[in-house]
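Okay, structure first, notes after.
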Amino acid sequence: MARLVLVPRETATLLAPLQVAVLALVMTLLGGAVLFVIYGVSPLDGLHAVFVEPLLTRYGIGEVLLKMAPLLLIAQGLAIGFRAQVWNIGAEGQLILGAIAASVLAIRFDGTDSQLLLPAMVVAGMLAGMAWAAIAAWLRTQFNANEILVTFMLTSVALQLLYFLVTGPLKDPMGFNFPQSISFAPNAVFPIILEGTRANASLYIGLAVTLVAVVFVRYSFASYKLSVGGLAPGASFYAGFSSKRAIWVALLVSGGAAGLAGVGEVAGPLGQLQRNISPGYGYAGIIVAVLGGLNPIGILFASAIMALVYVGGDFALLSVGVPDAVTGILQGILLISYLACSLLLTMRLRLVREAPG
Amino acid sequence: MKLTTGLMATAVAGLMALPAVAEDKMKIGFVYPSPIADVGWSAELNAGRAAIEEHFGDKVETLFVENVPEGPDAARIMNQMAAQGADMIMLGSFGYMNDGIKLAQQRPEMTFIHASGYKLAPNFSNFQSRNYESSYLVGMAAGDVTESNVVGIVAAYAIPEVIGMINGFALGLQEVNPDVTIKVVWLNSWFDPPKAQDSARALMAQQADVIYSLYQDTPSVVTVAEEEGVWVINTSSDMKAYAPNWLLASQIADWSSFFIESVQASMDGTFEGTAFWGGMADGTVDVKSWSDKISEGAMARITEAADAMKAGSFHPLTGPVVDQDGTERLAEGETIADPDLLGIDWLVAGVETRLPN
């Protein structure tokens, strides 16, 4: 007789996270196949449409890169906070504030030919995202208000603020009263990085933030303090690390990153401020951060895969004719598979032979 | 030189296109902003698609995507349709305008028809309904049945089309019953059934005994009204089945004839980017399922007004019309011009709620 048992891993290995990721992906593919069978679509056609088709054309690759930019940014920011057990659920709201701040500059300085406009928008967007997250940090450190609730509810406030601005002060005066701003001038939008697509230079910001995150996590004492604060608050306190500082750092970093993502949207594919600026990137960023194992390099891959599922889901709508819920279900399967498999990070499977009798 | 090469290229392209048109079916894509259900805005547009298929039979092939958010993702769906060889695209919401215009400029060989909005191109038409005409009629019915003299409106967005309908409704109502207060709840969504129902209940709590469900894409408000025993009027489809006792009337729109004409023009190469306004006169707009509880006298006046609109002898927005601030917007005998209607940003006196800006 032989059977499989779970035993704790004695040492952390580099292989484990990889195993988990591959296993989760395989399970997602299987789950996706079942899903397509339910919809009466050949599973191979369906999976081809979602996971391969977007990568076959230049346009498709551009769309994946376009989607990847905000997801990468938001997830890198969130992961830093999540490691310190500071749960910013409101990246969506911080994204909106970043978009608003950048738009205010683009609208106010419409007509200047200064090349500093876009950089100024980037800085303003980042600061606005930080400021929105700072409200939660202040309430948490001052009154111990739960940051999950505060960040989440501030997203609703941000949405109402956006609606107010696009129907009022930031509305295009020549726009027949439709709730959207003027179209931004060329010096207020990111340049396209792949000819013939919508992929733009905001992706570089995401990659730069990734690089900073790698260095920060690997080499900085500040990151170590954050992690200790998250894992063992008592030890952290004893060591004299400030938990208040950890909360501030976590929320400001994640808020700033989400604000940057907002700039990338209004100064990217949208080219204006309007009511719908994010299809839920702030929430999808949470999934990406978790999928990436809160590791900067893992998040890089996770954001690419999530972007692929988003774009591939849209492709599947048309090429194999499945409902739009498929994208959401696939993302859900991916997350659940990952969480289930992440048991293997600390445990490993071992084949045990037992003597008969 | 340049001109001749341009002409040559056009001629060659024309020659190459001819056999393709003769051989292939014309491919028409439809983009809907909400899920296609049995009733509602998307269902109505989808009925137009069915009419095209029935009229043209084998000569056309249609494809559609439902529930496409009016954000950066809509462009991908349109581009994907174009990449799959669509010759024509119907865009079902005003938020698709800018991405649609961009694609129309990139693909001069394709044609586009766009619901509401205001931008035009040689291959990009838009279509609007004179829904304010039928709104006037149902307003008259509301004025007849209300006892509390409070009427509530659950409205989607404060865009010109909706504002025009509220004004038409209010003027019709005041024609029959000058003492009514009109309260509006702005949903800021085309599709949010729970919020729509909450809003309807809030209006009922404020004594409203007639609820006007303006562009909810579902029977959400209609079912609540039936439950509570409050009169209800809805837009976009006949919803009698959802409120057999308390439905006062349903405003409907029928896009079949406009859709078929546009497809025919695209086939013939005579398509021009124009703004189509469909109203009572051409059958695009109508009212169905009048309740038999409307008094005979009121019903006679409604029929009279409807006939006058069909004959083109009566415009609901005819002066004297005064706005909420008391400013005269239309002088005695003056009717509103279409361009002013397209950008209308004021509500008539008697509507209590202000515009959200």
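In the structure tokens, chains take letters A, B, ... by order of appearance, with residues numbered from 1 within each chain and ligands from 1 in the order shown.
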
Within 10 Å of stretch 20-26 of chain A, counting only C-alpha atoms, which residues qualify if same-chain residues fewer than 2 places away don't, as a PyMOL selection string? chain A and resi 15-18+28-32+291-293+298+301-302+305+333-345

Take the residues that were just selected and, keeping N, CA, C and O atoms, output them as a compact mmCIF listing (two decimals), in the first residue's frame.
```txt
# COMPACT_ATOMS: atom_id res chain seq x y z
N LEU A 15 11.54 26.30 -5.53
CA LEU A 15 10.70 25.48 -6.39
C LEU A 15 9.23 25.57 -5.99
O LEU A 15 8.34 25.54 -6.84
N ALA A 16 9.00 25.69 -4.67
CA ALA A 16 7.63 25.62 -4.18
C ALA A 16 6.69 26.64 -4.82
O ALA A 16 5.65 26.26 -5.36
N PRO A 17 7.05 27.94 -4.83
CA PRO A 17 6.13 28.90 -5.44
C PRO A 17 5.86 28.59 -6.90
O PRO A 17 4.76 28.77 -7.40
N LEU A 18 6.88 28.09 -7.58
CA LEU A 18 6.73 27.76 -8.99
C LEU A 18 5.75 26.61 -9.18
O LEU A 18 4.86 26.65 -10.02
N THR A 28 -6.80 25.83 -13.50
CA THR A 28 -7.63 26.83 -14.16
C THR A 28 -7.97 26.39 -15.58
O THR A 28 -9.10 26.54 -16.05
N LEU A 29 -6.97 25.83 -16.27
CA LEU A 29 -7.21 25.36 -17.63
C LEU A 29 -8.26 24.25 -17.63
O LEU A 29 -9.18 24.26 -18.44
N LEU A 30 -8.14 23.32 -16.66
CA LEU A 30 -9.12 22.23 -16.58
C LEU A 30 -10.51 22.79 -16.27
O LEU A 30 -11.50 22.43 -16.90
N GLY A 31 -10.56 23.70 -15.27
CA GLY A 31 -11.84 24.31 -14.92
C GLY A 31 -12.44 25.05 -16.10
O GLY A 31 -13.64 24.96 -16.38
N GLY A 32 -11.58 25.78 -16.83
CA GLY A 32 -12.04 26.51 -18.01
C GLY A 32 -12.60 25.55 -19.05
O GLY A 32 -13.64 25.81 -19.65
N LEU A 291 -2.21 36.37 -6.12
CA LEU A 291 -1.73 35.38 -7.09
C LEU A 291 -0.22 35.42 -7.23
O LEU A 291 0.43 34.40 -7.43
N GLY A 292 0.33 36.62 -7.16
CA GLY A 292 1.77 36.76 -7.31
C GLY A 292 2.51 36.40 -6.03
O GLY A 292 3.73 36.61 -5.94
N GLY A 293 1.80 35.89 -5.05
CA GLY A 293 2.44 35.49 -3.80
C GLY A 293 3.03 36.68 -3.05
O GLY A 293 3.97 36.53 -2.29
N GLY A 298 6.72 37.63 -8.82
CA GLY A 298 5.50 36.84 -9.00
C GLY A 298 4.36 37.71 -9.51
O GLY A 298 3.59 37.31 -10.39
N PHE A 301 4.37 38.37 -13.26
CA PHE A 301 3.77 37.30 -14.06
C PHE A 301 2.26 37.24 -13.84
O PHE A 301 1.49 37.06 -14.79
N ALA A 302 1.84 37.40 -12.59
CA ALA A 302 0.41 37.32 -12.29
C ALA A 302 -0.36 38.40 -13.04
O ALA A 302 -1.45 38.15 -13.56
N ILE A 305 -0.79 37.35 -16.60
CA ILE A 305 -1.79 36.29 -16.78
C ILE A 305 -3.20 36.84 -16.61
O ILE A 305 -4.10 36.56 -17.40
N ILE A 333 -11.71 31.04 -10.73
CA ILE A 333 -11.09 29.71 -10.66
C ILE A 333 -9.59 29.85 -10.40
O ILE A 333 -9.01 29.13 -9.59
N LEU A 334 -8.99 30.81 -11.09
CA LEU A 334 -7.55 31.01 -10.95
C LEU A 334 -7.19 31.33 -9.49
O LEU A 334 -6.27 30.76 -8.92
N LEU A 335 -7.96 32.24 -8.90
CA LEU A 335 -7.67 32.65 -7.53
C LEU A 335 -7.89 31.50 -6.55
O LEU A 335 -7.05 31.23 -5.68
N ILE A 336 -9.02 30.81 -6.70
CA ILE A 336 -9.33 29.73 -5.77
C ILE A 336 -8.31 28.60 -5.91
O ILE A 336 -7.82 28.06 -4.91
N SER A 337 -7.95 28.26 -7.15
CA SER A 337 -6.94 27.22 -7.35
C SER A 337 -5.65 27.62 -6.67
O SER A 337 -4.99 26.82 -6.02
N TYR A 338 -5.31 28.89 -6.83
CA TYR A 338 -4.05 29.34 -6.24
C TYR A 338 -4.10 29.24 -4.72
O TYR A 338 -3.17 28.74 -4.09
N LEU A 339 -5.20 29.70 -4.14
CA LEU A 339 -5.30 29.66 -2.68
C LEU A 339 -5.26 28.23 -2.18
O LEU A 339 -4.63 27.92 -1.17
N ALA A 340 -5.96 27.34 -2.92
CA ALA A 340 -5.97 25.93 -2.52
C ALA A 340 -4.57 25.35 -2.63
O ALA A 340 -4.10 24.64 -1.74
N CYS A 341 -3.89 25.68 -3.71
CA CYS A 341 -2.57 25.09 -3.93
C CYS A 341 -1.52 25.70 -3.02
O CYS A 341 -0.45 25.11 -2.82
N SER A 342 -1.79 26.90 -2.50
CA SER A 342 -0.74 27.58 -1.74
C SER A 342 -0.43 26.85 -0.44
O SER A 342 0.55 27.14 0.22
N LEU A 343 -1.27 25.87 -0.12
CA LEU A 343 -0.95 24.96 0.98
C LEU A 343 0.43 24.35 0.76
O LEU A 343 1.17 24.08 1.70
N LEU A 344 0.73 24.14 -0.53
CA LEU A 344 1.99 23.47 -0.86
C LEU A 344 3.21 24.36 -0.63
O LEU A 344 4.33 23.92 -0.77
N LEU A 345 2.97 25.61 -0.30
CA LEU A 345 4.11 26.48 -0.01
C LEU A 345 4.79 26.05 1.28
O LEU A 345 6.01 26.10 1.42
```

Which chain B residues are at most 10 Å from chain A (counting only C-alpha atoms), as a PyMOL selection string? chain B and resi 29+35+63-77+79-81+83-84+94-95+98-99+117-119+157-161+188-189+339-345+355-357

Would you pick out the contacts of B:Thr270 at 12 Å or less, using only C-alpha atoms, so that residues sharing its chain but fewer than 3 positions from it are not included, and give the list as a PyMOL selection string? chain B and resi 111+122-123+261-267+273-274

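Here the question is which of A:Ser181, A:Ser42, A:Thr346, A:Asn295 gets nearest to A:Val214 using only C-alpha atoms, and that residue is A:Asn295.
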
I'd like to know which residues of stretch 16-137 of chain B are strand (DSSP E) (by DSSP, run on the backbone); could you write them as number ranges by chain? B: 26-31, 60-65, 88-91, 111-115, 124-129

Env of stretch 324-335 of chain B: 12 Å cut, atoms = only C-alpha atoms, seq-sep filter 3 positions within chain, self excluded. Answer as a list in words. Asn167, Ala170, Ile182, Ser313, Phe314, His315, Pro316, Leu317, Thr318, Gly319, Pro320, Val321, Asp338, Pro339, Asp340, Leu341, Ile344, Asp345, Trp346, Leu347, Val348, Ala349, Gly350, Val351, Glu352, Thr353, Arg354 and Leu355 of chain B

List as a VMD selection string the protein and nucleic acid residues near B:Asp144, meaning an atom at most 9 Å away when only C-alpha atoms are counted, but skip any in the same chain fewer than 3 places from it. chain B and resid 139 to 141 147 173 176 to 177 294 to 295 298

Which residues are near stretch 348-354 of chain A? Cut-off 10 Å, only C-alpha atoms, ignore same chain within fewer than 4 positions. Put them as a PyMOL selection string. chain A and resi 1-10+16+343-344

Any idea what's packed within 10 Å of B:Ser93, counting only C-alpha atoms, ignoring anything in its chain fewer than 5 positions away? Could you give it as an NGL selection string? :B and (31-34 or 41-42 or 68-70 or 114-117 or 190)

Write out as JSON, numbers by chain the set of residues from stretch 10-105 of chain A that DSSP, computed on the backbone, places in helix (DSSP H, G or I). {"A": [15, 16, 17, 18, 19, 20, 21, 22, 23, 24, 25, 26, 27, 28, 29, 30, 31, 32, 33, 34, 35, 36, 37, 38, 43, 44, 45, 46, 47, 48, 49, 50, 51, 52, 53, 54, 55, 58, 59, 60, 61, 62, 63, 64, 65, 66, 67, 68, 69, 70, 71, 72, 73, 74, 75, 76, 77, 78, 79, 80, 81, 82, 83, 91, 92, 93, 94, 95, 96, 97, 98, 99, 100, 101, 102, 103, 104, 105]}

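Of note, atom CA of A:Ile287 and atom CA of A:Ala69 are spaced 14.8 Å apart.
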